[in-house]
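One structure is given below, encoded as structure tokens.
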Amino acid sequence: MHALLSAFAPIWMLTTIGFAVGRSGLLGERAEAVLGRFVFHVAMPAALFTMVSGARLDSFANSSMVAFAVGTALVCGLGFLAAGRLFGWGTADRAIGSMASGYVNSANLGIPVAVQVLGDASFVAQIILFQVLLVSPVILTLLDTGTGAGSGPGSGKAVVFRRMLTMPVRNPIIMASLLGVAVSALGLRLPHAVAHSCDLLGAAAVPTALITLGLSLNARPAAAGSTDLAQGTAQPVRAEGARHTARAEVVVAVALKTLVQPLIAFAVGGPLLHLPEHQLLAVVLCSALPTAQNAFIYAQQYGLDTRVARNAVVASTVVSMATLSLATWALGTTGS
């Protein structure tokens, strides 16, 4: 429990600082939008490029990743279906519901938890690659389709297809990841000055995202909808009557994230794949990690209602302290 508290402390502290700064008005009314745009367009791409360019791309081809990937795919699919069937939301909002249900906080929380409980963070590095290279492009494609190509005179199939093909060029997250893949595949080594600059810039992504998350906790109309910075268009804000629906989806997303996903990972990794105890613990533990703050940043930058993503991040982080402890107790701490 002490290890978990140590891992969670920076999340709570930075989010609280963001809330306090927002409450004081120190950074002005546009702080949330500006910082969110900085994370999405500048800091996060730098962090992903640095991470992917220095990683081995074949590192996630193993049975443990199969178990994690199956759990992620099923839960993301359930989150997507629930947002549509139960709550009647459109494609873009369903994509955020899917991400809130199955996209784990692998970096700033997964790494310290893995080091403390498992003894190393090698499996978390594989999860980061999996989410960046496979899960994020799917989510971003759905967001792009749902917000930028769903209406107006240029919304035909040819236009939608063209937007999907050109999205890597227009989306900094995907572009940075693809550049990282190219550098890794070619075995290139970046000049020290370039690599160090990317490291410094990328290091700002997580703390700034958490500060932005804290800013959003101040109850303001902007938290319910914003200008679509990724597409340059304004998206409608949901009516007041949708708040109860948003709360219900948060409950569903948190239940899927903190309970269903680790249970599926356990079922696949244990009875089906017969993973060794240490690997099974790693799969279940990482599957039980809370929702990543990326879900909030994506919702914000695509002009969507941020309440579901924001509240899912906060609520799943609280609940996951219990589920992570339970998983560690049930499966045994085999790390150092």
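Lettering and numbering for the structure tokens are positional, with chains as A, B, ... in the shown order, residues counted from 1 in each chain, and ligands counted from 1 in the shown order.
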
So that I can check the surroundings of Ala107 in chain A, please list as a list of chain:residue names every protein, DNA and RNA residue that reaches within 9 Å of it, counting only C-alpha atoms and ignoring chain neighbours fewer than 3 positions away.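 Returned residues: A:Val104, A:Gly110, A:Ile111, A:Pro112, A:Val124, A:Ala125, A:Ile128, A:Val206, A:Ala292.
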
With N, CA and C atoms kept, could you save the residues just selected as a short mmCIF file (atom, residue, chain, number, x, y, z; two decimals), in the first residue's frame?
data_model
loop_
_atom_site.label_atom_id
_atom_site.label_comp_id
_atom_site.auth_asym_id
_atom_site.auth_seq_id
_atom_site.Cartn_x
_atom_site.Cartn_y
_atom_site.Cartn_z
N VAL A 104 -5.16 2.41 -20.45
CA VAL A 104 -4.60 2.46 -19.10
C VAL A 104 -3.54 3.56 -18.96
N GLY A 110 1.78 3.58 -14.28
CA GLY A 110 2.15 2.19 -14.53
C GLY A 110 3.60 1.88 -14.22
N ILE A 111 4.48 2.80 -14.57
CA ILE A 111 5.91 2.55 -14.35
C ILE A 111 6.26 2.46 -12.87
N PRO A 112 5.89 3.43 -12.03
CA PRO A 112 6.23 3.29 -10.60
C PRO A 112 5.55 2.10 -9.94
N VAL A 124 5.57 -2.76 -18.85
CA VAL A 124 4.88 -1.48 -19.03
C VAL A 124 5.36 -0.80 -20.31
N ALA A 125 6.65 -0.91 -20.60
CA ALA A 125 7.18 -0.32 -21.83
C ALA A 125 6.52 -0.95 -23.05
N ILE A 128 3.02 0.54 -23.35
CA ILE A 128 3.07 1.90 -23.90
C ILE A 128 3.16 1.84 -25.42
N VAL A 206 3.21 14.91 -19.25
CA VAL A 206 2.41 14.35 -18.16
C VAL A 206 2.06 15.40 -17.11
N ALA A 292 -6.07 6.64 -18.44
CA ALA A 292 -5.02 7.64 -18.68
C ALA A 292 -5.64 9.01 -18.92
#

Given the choices A:His274, A:Lys257, A:Arg23, A:His192, which gets closest to Gly79 in chain A if the distance is worked out from only C-alpha atoms?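 Result for the nearest residue to Gly79 in chain A: A:Lys257.
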
So which residues touch range 69-72 of chain A within 9 Å, counting only C-alpha atoms, skipping near sequence neighbours fewer than 2 positions away, as an MDAnalysis selection string? chainID A and resid 64:67 74:77 101:104 127 130 135 260:266 268 287

Prev. selection, C-alpha atoms, output as a PDB file, in the first residue's frame:
ATOM      1  CA  SER A  64       1.655 -11.628 -21.998  1.00  0.00           C
ATOM      2  CA  MET A  65       0.897  -8.884 -24.502  1.00  0.00           C
ATOM      3  CA  VAL A  66      -1.689 -11.115 -26.155  1.00  0.00           C
ATOM      4  CA  ALA A  67      -3.542 -11.420 -22.844  1.00  0.00           C
ATOM      5  CA  LEU A  74     -12.816  -6.333 -25.518  1.00  0.00           C
ATOM      6  CA  VAL A  75     -13.234  -3.623 -22.895  1.00  0.00           C
ATOM      7  CA  CYS A  76     -12.729  -0.786 -25.378  1.00  0.00           C
ATOM      8  CA  GLY A  77     -15.325  -2.446 -27.583  1.00  0.00           C
ATOM      9  CA  SER A 101     -12.990   2.236 -20.410  1.00  0.00           C
ATOM     10  CA  GLY A 102      -9.827   0.560 -21.648  1.00  0.00           C
ATOM     11  CA  TYR A 103      -6.848   2.918 -22.127  1.00  0.00           C
ATOM     12  CA  VAL A 104      -4.597   2.464 -19.104  1.00  0.00           C
ATOM     13  CA  ILE A 127       2.105  -1.684 -23.108  1.00  0.00           C
ATOM     14  CA  PHE A 130       0.953  -1.170 -27.883  1.00  0.00           C
ATOM     15  CA  VAL A 135      -4.863   1.716 -29.829  1.00  0.00           C
ATOM     16  CA  VAL A 260     -13.884  -6.035 -16.088  1.00  0.00           C
ATOM     17  CA  GLN A 261     -10.564  -5.388 -17.852  1.00  0.00           C
ATOM     18  CA  PRO A 262      -8.349  -7.055 -15.207  1.00  0.00           C
ATOM     19  CA  LEU A 263     -10.810  -9.967 -14.929  1.00  0.00           C
ATOM     20  CA  ILE A 264     -10.673 -10.567 -18.689  1.00  0.00           C
ATOM     21  CA  ALA A 265      -6.878 -10.315 -18.606  1.00  0.00           C
ATOM     22  CA  PHE A 266      -6.801 -12.865 -15.797  1.00  0.00           C
ATOM     23  CA  VAL A 268      -7.083 -15.045 -20.859  1.00  0.00           C
ATOM     24  CA  SER A 287      -4.890  -4.091 -16.827  1.00  0.00           C
TER      25      SER A 287
END

Rounded to one decimal in Å, what is the spacing between CA of Gly270 in chain A and CA of Ser122 in chain A?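 Result for CA of Gly270 in chain A versus CA of Ser122 in chain A: 20.1 Å, one decimal.
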
Pick from A:Val284, A:Val138, A:Val113, A:Leu129, whichever lies nearest to Arg56 in chain A using only C-alpha atoms: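 Residue with the minimum atom-to-atom distance to Arg56 in chain A: A:Leu129.
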